[in-house]
Amino acid sequence: MEYESLVLGDIVSERFYNVDSDTVEAYLEAIGASKPADADNDGKDWFAPPMSVAALGLRGVIQDLSIPEGTLHVSQDLEFNKAVKVGAKLFCQAKLSQNSIRSGKRFIAVDLKIENTDRATVLTGKSTLVMPS
Amino acid sequence: MTKGDQLAEIVKLIDQNSINCYARASGDYNPIHIDEKYAARSSPFESTIAHGMMIAATISEMMNIDFKDDWASNGKLKLKFRAPVLSGDTITTFGNVKDISERSCGYEIICSVGVRRHTGEIAISGEARISTKGS
């Protein structure tokens, strides 16, 4: 990918995700946490950890921006607006908000917005990444 | 809760298995996280490192202990990833209530938060905010 050609405001990722039970359980296992004891077996009556929703938002950015090997995540802002039930469908969009070179390294920042099917924003955030020179 | 209160501490061992598991869950297969040979050869840290968001998740877990559902519905986080967490590290979260202010529908609580490596080095630091009906 030619990162120098990206312009602030460019939509760099747009994806739909299902926050299904398998996805959330894989996330919980990865962070060493467990499913709530009172979670319904059909996965409809419990909430996804907010950071699992943020991770979904970043998944599209990583893949659609073809983030190169050695890239580091240097800062993260997140705002959780609404708890997300397991089973929900989400739309994740990322817009470029920084694209600069400092000390020979490219700094890329994206603004994340995640909405549910009612178009209500459930999460916003900003991720800043430093790519290797 | 009152100003100066400490938040619940979470301690976790971050090993290569848990990092690989997070790579699968997040779709982030950057070799700096999962390829030990690549990391030894090409990474400035000479070891694989955990994903920043994997470590940041422990801060969210810590906030969830004290603020429960309020955290998932209106929490805010502002974090800087200051040092990598290497495979094999044990991490510990830290947090304290920095300020509490009354709002029309409850309180806004501001906490200093972060994660420390077992070496004492701060891996993540930042601030969490939450609105809640009771303090």
# chains A, B, ... in the order shown; residues from 1 in each chain; ligands from 1

call {"tool": "closest_atom_pairs", "arguments": {"of": "chain A", "to": "chain B", "cutoff": "9 Å", "atoms": "only C-alpha atoms", "output": "tab-separated table"}}
result
residue	atom	partner	partner_atom	distance
A:Thr23	CA	B:Ala25	CA	7.1
A:Val24	CA	B:Ala25	CA	8.4
A:Ala26	CA	B:Ala25	CA	5.7
A:Tyr27	CA	B:Ala25	CA	5.2
A:Leu28	CA	B:Ala25	CA	8.8
A:Glu29	CA	B:Cys21	CA	7.5
A:Ala30	CA	B:Tyr22	CA	4.6
A:Ile31	CA	B:Met54	CA	6.4
A:Gly32	CA	B:Ser18	CA	7.7
A:Ala33	CA	B:Glu61	CA	8.8
A:Phe47	CA	B:Ala72	CA	8.7
A:Ala48	CA	B:Ala72	CA	8.8
A:Pro49	CA	B:Ala72	CA	7.1
A:Pro50	CA	B:Ala72	CA	5.6
A:Met51	CA	B:Ala57	CA	6.0
A:Ser52	CA	B:Ala57	CA	8.3
A:Ala54	CA	B:Met53	CA	8.6
A:Ala55	CA	B:Ser26	CA	5.9
A:Leu56	CA	B:Ser26	CA	6.7
A:Leu58	CA	B:Ser26	CA	7.9
A:Arg59	CA	B:Gly27	CA	5.7
A:Gly60	CA	B:Gly27	CA	8.6
A:Ile62	CA	B:Asp28	CA	6.8
A:Gln63	CA	B:Gly27	CA	8.0
A:Ile67	CA	B:Asn30	CA	8.2
A:Pro68	CA	B:Asn30	CA	7.6
A:Glu69	CA	B:Asn30	CA	5.5
A:Gly70	CA	B:Ile32	CA	5.6
A:Thr71	CA	B:Asn30	CA	7.7
A:Leu72	CA	B:Gly52	CA	8.4
A:His73	CA	B:Gly52	CA	6.4
A:Val74	CA	B:Phe81	CA	4.9
A:Ser75	CA	B:Lys80	CA	4.4
A:Gln76	CA	B:Leu79	CA	5.2
A:Asp77	CA	B:Lys78	CA	4.3
A:Leu78	CA	B:Leu77	CA	5.0
A:Glu79	CA	B:Lys76	CA	4.3
A:Phe80	CA	B:Asn74	CA	5.0
A:Asn81	CA	B:Asn74	CA	4.9
A:Lys82	CA	B:Ser73	CA	4.2
A:Ala83	CA	B:Ser73	CA	4.7
A:Val84	CA	B:Ala72	CA	8.1
A:Val122	CA	B:Ser73	CA	8.1
A:Gly125	CA	B:Leu77	CA	8.9

call {"tool": "select_by_dssp", "arguments": {"residues": "region 16-115 of chain B", "states": "strand (DSSP E or B)", "output": "number ranges by chain"}}
result
B: 49, 76-81, 86, 89-103, 106-115

call {"tool": "atom_distance", "arguments": {"atom1": "CA of Tyr17 (chain A)", "atom2": "CA of Lys89 (chain A)"}}
result
5.7 Å

call {"tool": "closest_residue", "arguments": {"among": "A:Ser127, A:Thr121, A:Ser21, A:Ser66", "to": "Phe107 (chain A)", "atoms": "only C-alpha atoms"}}
result
A:Ser127

call {"tool": "closest_residue", "arguments": {"among": "B:Phe94, B:Ala50, B:Ile10, B:Asp89", "to": "Gly114 (chain B)", "atoms": "only C-alpha atoms"}}
result
B:Phe94

call {"tool": "select_by_dssp", "arguments": {"residues": "chain B", "states": "helix (DSSP H, G or I)", "output": "ChimeraX atom specification"}}
result
/B:16-26,31-34,36-42,52-74

call {"tool": "closest_residue", "arguments": {"among": "B:Ile65, B:Ile34, B:Cys111, B:Ala123", "to": "Gln16 (chain B)", "atoms": "only C-alpha atoms"}}
result
B:Ile34

call {"tool": "atom_distance", "arguments": {"atom1": "CA of Arg116 (chain B)", "atom2": "CA of Ser34 (chain A)"}}
result
22.7 Å

call {"tool": "atom_distance", "arguments": {"atom1": "CA of Leu7 (chain B)", "atom2": "CA of Ile91 (chain B)"}}
result
15.3 Å

call {"tool": "residues_around", "arguments": {"residues": "Val7 (chain A)", "least_positions_apart": "4", "cutoff": "9 Å", "atoms": "only C-alpha atoms", "output": "MDAnalysis selection string"}}
result
chainID A and resid 3 96:99

call {"tool": "write_last_selection", "arguments": {"atoms": "C-alpha atoms", "output": "PDB file, in the first residue's frame"}}
result
ATOM      1  CA  TYR A   3       0.633   5.210   2.533  1.00  0.00           C
ATOM      2  CA  LEU A  96      -7.642   8.577   8.480  1.00  0.00           C
ATOM      3  CA  SER A  97      -6.900  11.432  10.900  1.00  0.00           C
ATOM      4  CA  GLN A  98      -3.092  11.575  10.780  1.00  0.00           C
ATOM      5  CA  ASN A  99      -0.510  10.603   8.185  1.00  0.00           C
TER       6      ASN A  99
END
